[in-house]
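For reference, my_file.txt (compact mmCIF, C-alpha atoms):
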# COMPACT_ATOMS: atom_id res chain seq x y z
CA MET A 1 29.05 33.35 -18.42
CA GLU A 2 25.48 32.27 -17.80
CA LEU A 3 24.10 28.91 -18.86
CA SER A 4 20.43 28.13 -19.35
CA LEU A 5 18.95 24.72 -18.70
CA LEU A 6 18.66 24.17 -22.45
CA GLU A 7 22.34 24.97 -22.97
CA ILE A 8 23.30 22.65 -20.11
CA TRP A 9 21.16 19.87 -21.63
CA GLU A 10 22.77 20.40 -25.03
CA SER A 11 26.23 20.25 -23.46
CA MET A 12 25.51 17.01 -21.58
CA GLY A 13 27.06 13.80 -22.73
CA PHE A 14 25.15 10.60 -23.45
CA LEU A 15 25.58 9.14 -19.92
CA SER A 16 24.58 12.38 -18.23
CA ARG A 17 21.41 12.57 -20.29
CA LEU A 18 20.59 8.98 -19.41
CA VAL A 19 21.00 9.77 -15.71
CA ALA A 20 18.81 12.87 -15.96
CA ILE A 21 16.10 11.02 -17.91
CA GLY A 22 16.23 8.14 -15.43
CA LEU A 23 15.78 10.49 -12.46
CA VAL A 24 12.86 12.29 -14.11
CA ALA A 25 11.24 8.93 -14.93
CA MET A 26 11.64 7.82 -11.31
CA GLY A 27 10.07 11.07 -10.15
CA VAL A 28 7.11 10.66 -12.50
CA ALA A 29 6.61 7.03 -11.44
CA SER A 30 6.72 8.03 -7.77
CA LEU A 31 4.19 10.80 -8.37
CA PHE A 32 1.86 8.41 -10.17
CA VAL A 33 2.08 5.83 -7.36
CA ALA A 34 1.52 8.51 -4.73
CA ILE A 35 -1.61 9.91 -6.39
CA GLU A 36 -3.02 6.45 -7.17
CA ARG A 37 -2.47 5.11 -3.65
CA VAL A 38 -3.92 8.23 -2.01
CA LEU A 39 -7.06 7.87 -4.13
CA VAL A 40 -7.31 4.13 -3.43
CA LEU A 41 -6.82 4.60 0.30
CA GLY A 42 -9.31 7.46 0.48
CA LYS A 43 -11.98 5.45 -1.33
CA ALA A 44 -11.26 2.36 0.77
CA ALA A 45 -11.60 4.33 4.00
CA ALA A 46 -14.85 5.99 2.90
CA MET A 47 -16.44 2.73 1.72
CA SER A 48 -15.27 0.87 4.82
CA ASN A 49 -16.82 3.49 7.09
CA GLU A 50 -20.07 3.23 5.16
CA PHE A 51 -20.01 -0.56 5.47
CA ALA A 52 -19.22 -0.40 9.19
CA ALA A 53 -22.24 1.82 9.82
CA LYS A 54 -24.53 -0.67 8.08
CA ALA A 55 -22.86 -3.74 9.60
CA ARG A 56 -22.91 -2.59 13.23
CA PRO A 57 -26.64 -3.30 13.90
CA LEU A 58 -26.40 -6.71 12.20
CA LEU A 59 -23.32 -7.61 14.21
CA GLU A 60 -24.87 -6.62 17.51
CA ASP A 61 -27.99 -8.67 16.72
CA ARG A 62 -25.84 -11.67 15.70
CA ASP A 63 -27.43 -11.63 12.24
CA PHE A 64 -24.36 -13.14 10.60
CA GLU A 65 -25.99 -14.37 7.39
CA PRO A 66 -27.40 -10.93 6.45
CA LEU A 67 -24.02 -9.50 7.41
CA LEU A 68 -22.31 -11.90 5.00
CA ASP A 69 -24.74 -10.92 2.25
CA LEU A 70 -23.98 -7.26 2.91
CA ALA A 71 -20.22 -7.85 2.85
CA LYS A 72 -20.43 -9.73 -0.44
CA GLY A 73 -22.63 -7.13 -2.10
CA LYS A 74 -21.53 -5.53 -5.37
CA ASP A 75 -21.09 -2.16 -3.68
CA TYR A 76 -18.24 -3.50 -1.55
CA GLU A 77 -16.64 -6.14 -3.77
CA ARG A 78 -13.33 -4.21 -3.93
CA THR A 79 -13.40 -2.69 -0.45
CA PRO A 80 -10.89 -4.21 2.04
CA LEU A 81 -13.00 -4.28 5.22
CA PRO A 82 -16.12 -5.94 3.76
CA ARG A 83 -13.93 -8.44 1.93
CA LEU A 84 -12.16 -9.28 5.17
CA MET A 85 -15.45 -9.74 7.01
CA ALA A 86 -16.77 -11.96 4.20
CA PHE A 87 -13.70 -14.21 4.39
CA GLY A 88 -14.10 -14.60 8.15
CA LEU A 89 -17.83 -15.28 8.02
CA GLU A 90 -17.49 -17.81 5.19
CA SER A 91 -14.87 -19.68 7.18
CA TYR A 92 -17.11 -19.58 10.27
CA PHE A 93 -20.15 -21.00 8.45
CA SER A 94 -18.06 -23.66 6.72
CA GLN A 95 -16.49 -24.85 9.97
CA ARG A 96 -19.79 -24.72 11.84
CA LYS A 97 -21.33 -27.00 9.25
CA HIS A 98 -18.39 -29.37 9.63
CA VAL A 99 -18.79 -29.41 13.41
CA ILE A 100 -22.51 -30.15 13.14
CA ASN A 101 -21.99 -33.00 10.69
CA ASP A 102 -18.95 -34.62 12.27
CA ASP A 103 -19.47 -33.67 15.91
CA ASP A 104 -15.84 -32.54 15.99
CA GLU A 105 -15.12 -29.44 18.05
CA ALA A 106 -11.34 -29.76 18.19
CA VAL A 107 -11.18 -26.35 16.48
CA THR A 108 -14.16 -24.08 17.02
CA PRO A 109 -15.75 -22.20 14.11
CA ALA A 110 -14.79 -18.90 15.72
CA GLU A 111 -11.14 -19.99 15.96
CA MET A 112 -11.13 -21.00 12.30
CA ALA A 113 -12.61 -17.62 11.43
CA ARG A 114 -9.89 -15.89 13.45
CA ARG A 115 -7.15 -17.77 11.60
CA GLU A 116 -8.73 -17.00 8.24
CA LEU A 117 -9.06 -13.33 9.15
CA THR A 118 -5.36 -13.20 10.05
CA ARG A 119 -4.29 -14.79 6.78
CA ARG A 120 -6.60 -12.70 4.65
CA GLN A 121 -5.63 -9.46 6.34
CA GLN A 122 -2.03 -10.05 5.34
CA GLN A 123 -3.21 -10.53 1.76
CA LEU A 124 -5.31 -7.36 1.81
CA ASP A 125 -2.49 -5.38 3.42
CA SER A 126 -0.21 -6.44 0.58
CA GLU A 127 -2.79 -5.32 -1.98
CA LEU A 128 -3.19 -1.96 -0.29
CA ARG A 129 0.57 -1.35 -0.28
CA ARG A 130 0.99 -2.22 -3.95
CA GLY A 131 3.45 0.17 -5.56
CA MET A 132 5.05 1.26 -2.30
CA GLY A 133 8.22 -0.54 -3.34
CA ILE A 134 8.66 2.01 -6.13
CA LEU A 135 8.62 4.84 -3.60
CA ALA A 136 11.04 3.03 -1.30
CA SER A 137 13.43 2.21 -4.16
CA THR A 138 13.30 5.76 -5.49
CA GLY A 139 13.96 7.28 -2.10
CA SER A 140 16.95 5.04 -1.46
CA THR A 141 18.58 5.03 -4.91
CA ALA A 142 17.89 8.47 -6.41
CA PRO A 143 20.64 10.24 -4.37
CA PHE A 144 23.21 7.70 -5.55
CA ILE A 145 22.08 8.02 -9.15
CA GLY A 146 22.41 11.78 -8.75
CA LEU A 147 25.89 11.25 -7.32
CA PHE A 148 26.76 9.17 -10.36
CA GLY A 149 25.66 12.11 -12.50
CA THR A 150 27.88 14.36 -10.39
CA VAL A 151 30.90 12.18 -11.09
CA ILE A 152 30.13 12.29 -14.80
CA GLY A 153 29.80 16.08 -14.63
CA ILE A 154 33.16 16.43 -12.88
CA ILE A 155 34.77 14.25 -15.53
CA THR A 156 33.23 16.52 -18.18
CA ALA A 157 34.67 19.55 -16.37
CA PHE A 158 38.17 18.06 -16.38
CA GLN A 159 37.80 17.22 -20.04
CA GLY A 160 36.93 20.88 -20.65
CA ILE A 161 40.06 21.94 -18.79
CA ALA A 162 42.16 19.57 -20.85
CA ALA A 163 40.63 20.73 -24.12
CA ALA A 164 41.08 24.42 -23.25
CA GLY A 165 44.60 23.91 -21.98
CA GLY A 166 43.83 25.78 -18.78
CA GLY A 167 41.52 25.96 -15.79
CA GLY A 168 39.49 29.05 -16.57
CA LEU A 169 35.83 29.38 -15.59
CA GLU A 170 34.62 28.98 -19.15
CA ALA A 171 36.42 25.64 -19.42
CA VAL A 172 34.71 24.09 -16.42
CA SER A 173 31.39 25.91 -16.06
CA ALA A 174 29.37 23.56 -18.27
CA GLY A 175 30.63 20.43 -16.53
CA ILE A 176 30.14 21.85 -13.03
CA ALA A 177 26.62 23.06 -13.86
CA GLU A 178 25.80 19.64 -15.31
CA ALA A 179 27.05 17.95 -12.15
CA LEU A 180 25.15 20.22 -9.77
CA ILE A 181 21.87 20.05 -11.65
CA VAL A 182 21.86 16.27 -11.85
CA THR A 183 22.67 16.08 -8.14
CA ALA A 184 19.86 18.52 -7.32
CA VAL A 185 17.35 16.53 -9.38
CA GLY A 186 18.39 13.34 -7.60
CA LEU A 187 17.92 14.93 -4.17
CA VAL A 188 14.55 16.46 -5.03
CA VAL A 189 13.23 13.14 -6.36
CA ALA A 190 14.56 11.21 -3.35
CA ILE A 191 13.26 13.65 -0.74
CA GLY A 192 9.82 13.74 -2.36
CA ALA A 193 9.64 9.94 -2.55
CA VAL A 194 10.68 9.48 1.08
CA LEU A 195 8.18 12.04 2.37
CA VAL A 196 5.32 10.48 0.40
CA PHE A 197 6.38 6.97 1.45
CA ASN A 198 6.34 7.94 5.13
CA TYR A 199 2.98 9.70 4.79
CA LEU A 200 1.34 6.75 3.04
CA THR A 201 2.89 4.25 5.44
CA ALA A 202 1.38 6.09 8.39
CA ARG A 203 -2.05 6.14 6.74
CA PHE A 204 -1.84 2.46 5.79
CA ASP A 205 -0.82 1.52 9.34
CA LYS A 206 -3.79 3.42 10.74
CA PHE A 207 -6.22 1.81 8.29
CA GLU A 208 -4.83 -1.66 8.97
CA MET A 209 -5.17 -1.10 12.71
CA HIS A 210 -8.87 -0.33 12.20
CA MET A 211 -9.22 -3.53 10.20
CA GLN A 212 -7.56 -5.51 13.00
CA HIS A 213 -9.97 -4.04 15.52
CA ALA A 214 -12.93 -4.86 13.27
CA SER A 215 -11.80 -8.45 12.73
CA GLY A 216 -11.18 -8.91 16.46
CA GLU A 217 -14.63 -7.57 17.22
CA LEU A 218 -16.17 -9.97 14.71
CA VAL A 219 -14.40 -12.92 16.33
CA ASP A 220 -15.67 -11.82 19.75
CA PHE A 221 -19.26 -11.83 18.50
CA LEU A 222 -18.75 -15.18 16.76
CA GLU A 223 -17.36 -16.72 19.95
CA GLY A 224 -20.28 -15.34 21.93
CA ALA A 225 -22.74 -16.79 19.43
CA GLY A 226 -20.92 -20.13 19.55
CA ARG A 227 -21.13 -20.33 23.33
CA GLY A 228 -24.85 -19.64 23.13
CA ARG A 229 -25.47 -22.37 20.55
CA LYS A 230 -26.27 -25.87 21.74
CA PRO A 231 -24.44 -28.77 20.07
CA GLY A 232 -26.24 -29.98 16.98
CA LYS A 233 -28.24 -26.76 16.58

As structure tokens, what does this structure read like?
Amino acid sequence: MELSLLEIWESMGFLSRLVAIGLVAMGVASLFVAIERVLVLGKAAAMSNEFAAKARPLLEDRDFEPLLDLAKGKDYERTPLPRLMAFGLESYFSQRKHVINDDDEAVTPAEMARRELTRRQQQLDSELRRGMGILASTGSTAPFIGLFGTVIGIITAFQGIAAAGGGGLEAVSAGIAEALIVTAVGLVVAIGAVLVFNYLTARFDKFEMHMQHASGELVDFLEGAGRGRKPGK
């Protein structure tokens, strides 16, 4: 006796159909998150590289105000690296003005910029990883949801045996097929989610490392500029 997917679906009970629909929904959600995050990360990396090429001459010349204007430009308003640089530079200028007015150098402008960069990078990292929880949850729970479907399928098989009054193949084939298919769907969804999660995590870690290097380099230039500036000027 051969069973098609349509026949198996028609033979499924209410709970089994709910499990199958839930697994397919999790797979679709994971696919959407994966595609959306790949596109976001690719655009962020491209725009950040473009910004870095323009910002490098300004940074080396200590032209921090033009650099801030560049970072806050409309072209980079949603790009992580320029936003991070803008946060650091704004903090630096704000603290430098405070030092000039109050003659208080307990915390240097460069140190305040470093602290602001650290805080803001955590915020930007969280924004970049938005939706990753869906992939992690899918990868960890889909196998167990599939196992739940397996249990339901086995119960259906035993009910078929009881109804037929025997243990022939025809009595149990629908329930066993239902159990195996739901389990397979759960494993496919979980494996796909875990692979994509690991791939994206590696790319995010690499991008965040570049942002850390860029913020550290900015602080180094700010500290150098601060040492070369006389008090009150």

Report as JSON lines: every residue of segment 179-227 of chain A with an atom at most 8 Å from segment 131-138 of chain A, its closest pair of atoms, and their distance in Å to one decimal, counting only C-alpha atoms, with rows sorted by chain and ascending residue number.
{"residue": "A:Val189", "atom": "CA", "partner": "A:Thr138", "partner_atom": "CA", "distance": 7.4}
{"residue": "A:Ala190", "atom": "CA", "partner": "A:Thr138", "partner_atom": "CA", "distance": 6.0}
{"residue": "A:Ala193", "atom": "CA", "partner": "A:Leu135", "partner_atom": "CA", "distance": 5.3}
{"residue": "A:Val194", "atom": "CA", "partner": "A:Ala136", "partner_atom": "CA", "distance": 6.9}
{"residue": "A:Val196", "atom": "CA", "partner": "A:Leu135", "partner_atom": "CA", "distance": 7.7}
{"residue": "A:Phe197", "atom": "CA", "partner": "A:Leu135", "partner_atom": "CA", "distance": 5.9}

List as a tab-separated table every residue of segment 120-189 of chain A that is in contact with segment 79-92 of chain A, defined as an atom at most 8 Å from one of its atoms (using only C-alpha atoms), together with the nearest atom pair and the distance in Å rounded to one decimal, sorted by chain and then rising number.
residue	atom	partner	partner_atom	distance
A:Arg120	CA	A:Leu84	CA	6.5
A:Gln121	CA	A:Leu84	CA	6.6
A:Leu124	CA	A:Pro80	CA	6.4

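Here atom CA of Ile181 of chain A and atom CA of Ile152 of chain A stand 11.8 Å from one another.
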
Could you list, as number ranges by chain, every residue within 10 Å of segment 206-220 of chain A, counting only C-alpha atoms and ignoring same-chain residues fewer than 5 positions away?
A: 41, 44-45, 48, 52, 59-60, 62, 64, 80-82, 84-85, 88-89, 92, 109-115, 117-118, 121-122, 124-125, 128, 200-201, 225-226

Could you name the residues that touch Ser16 of chain A at 12 Å or less, counting all atoms listed in the file, but leaving out those on the same chain fewer than 5 positions away, as a PyMOL selection string?
chain A and resi 8-11+21-23+145-156+175+177-183

Determine the nearest neighbour of Gly192 of chain A from the options A:Gly224, A:Pro57, A:Pro143, A:Gly27, counting all atoms listed in the file.
A:Gly27

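Between atom CA of Arg130 of chain A and atom CA of Leu31 of chain A lies a distance of 14.1 Å.
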
Since fewer atoms than expected are present, regenerate N, CA and C atoms for segment 188-200 of chain A and write them as a PDB file, keeping the file's coordinate frame.
ATOM      1  N   VAL A 188      15.964  16.085  -5.036  1.00  0.00           N
ATOM      2  CA  VAL A 188      14.550  16.460  -5.030  1.00  0.00           C
ATOM      3  C   VAL A 188      13.661  15.231  -5.186  1.00  0.00           C
ATOM      4  N   VAL A 189      14.025  14.362  -6.127  1.00  0.00           N
ATOM      5  CA  VAL A 189      13.230  13.140  -6.360  1.00  0.00           C
ATOM      6  C   VAL A 189      13.261  12.251  -5.120  1.00  0.00           C
ATOM      7  N   ALA A 190      14.439  12.083  -4.521  1.00  0.00           N
ATOM      8  CA  ALA A 190      14.560  11.210  -3.350  1.00  0.00           C
ATOM      9  C   ALA A 190      13.801  11.762  -2.152  1.00  0.00           C
ATOM     10  N   ILE A 191      13.941  13.048  -1.884  1.00  0.00           N
ATOM     11  CA  ILE A 191      13.260  13.650  -0.740  1.00  0.00           C
ATOM     12  C   ILE A 191      11.741  13.548  -0.911  1.00  0.00           C
ATOM     13  N   GLY A 192      11.257  13.851  -2.108  1.00  0.00           N
ATOM     14  CA  GLY A 192       9.820  13.740  -2.360  1.00  0.00           C
ATOM     15  C   GLY A 192       9.311  12.320  -2.164  1.00  0.00           C
ATOM     16  N   ALA A 193      10.066  11.335  -2.672  1.00  0.00           N
ATOM     17  CA  ALA A 193       9.640   9.940  -2.550  1.00  0.00           C
ATOM     18  C   ALA A 193       9.616   9.488  -1.095  1.00  0.00           C
ATOM     19  N   VAL A 194      10.619   9.882  -0.322  1.00  0.00           N
ATOM     20  CA  VAL A 194      10.680   9.480   1.080  1.00  0.00           C
ATOM     21  C   VAL A 194       9.541  10.105   1.883  1.00  0.00           C
ATOM     22  N   LEU A 195       9.267  11.376   1.639  1.00  0.00           N
ATOM     23  CA  LEU A 195       8.180  12.040   2.370  1.00  0.00           C
ATOM     24  C   LEU A 195       6.830  11.392   2.058  1.00  0.00           C
ATOM     25  N   VAL A 196       6.585  11.112   0.783  1.00  0.00           N
ATOM     26  CA  VAL A 196       5.320  10.480   0.400  1.00  0.00           C
ATOM     27  C   VAL A 196       5.239   9.067   0.960  1.00  0.00           C
ATOM     28  N   PHE A 197       6.353   8.345   0.916  1.00  0.00           N
ATOM     29  CA  PHE A 197       6.380   6.970   1.450  1.00  0.00           C
ATOM     30  C   PHE A 197       6.027   6.972   2.933  1.00  0.00           C
ATOM     31  N   ASN A 198       6.624   7.874   3.698  1.00  0.00           N
ATOM     32  CA  ASN A 198       6.340   7.940   5.130  1.00  0.00           C
ATOM     33  C   ASN A 198       4.886   8.339   5.399  1.00  0.00           C
ATOM     34  N   TYR A 199       4.374   9.268   4.623  1.00  0.00           N
ATOM     35  CA  TYR A 199       2.980   9.700   4.790  1.00  0.00           C
ATOM     36  C   TYR A 199       2.024   8.548   4.512  1.00  0.00           C
ATOM     37  N   LEU A 200       2.217   7.856   3.389  1.00  0.00           N
ATOM     38  CA  LEU A 200       1.340   6.750   3.040  1.00  0.00           C
ATOM     39  C   LEU A 200       1.474   5.595   4.022  1.00  0.00           C
TER      40      LEU A 200
END
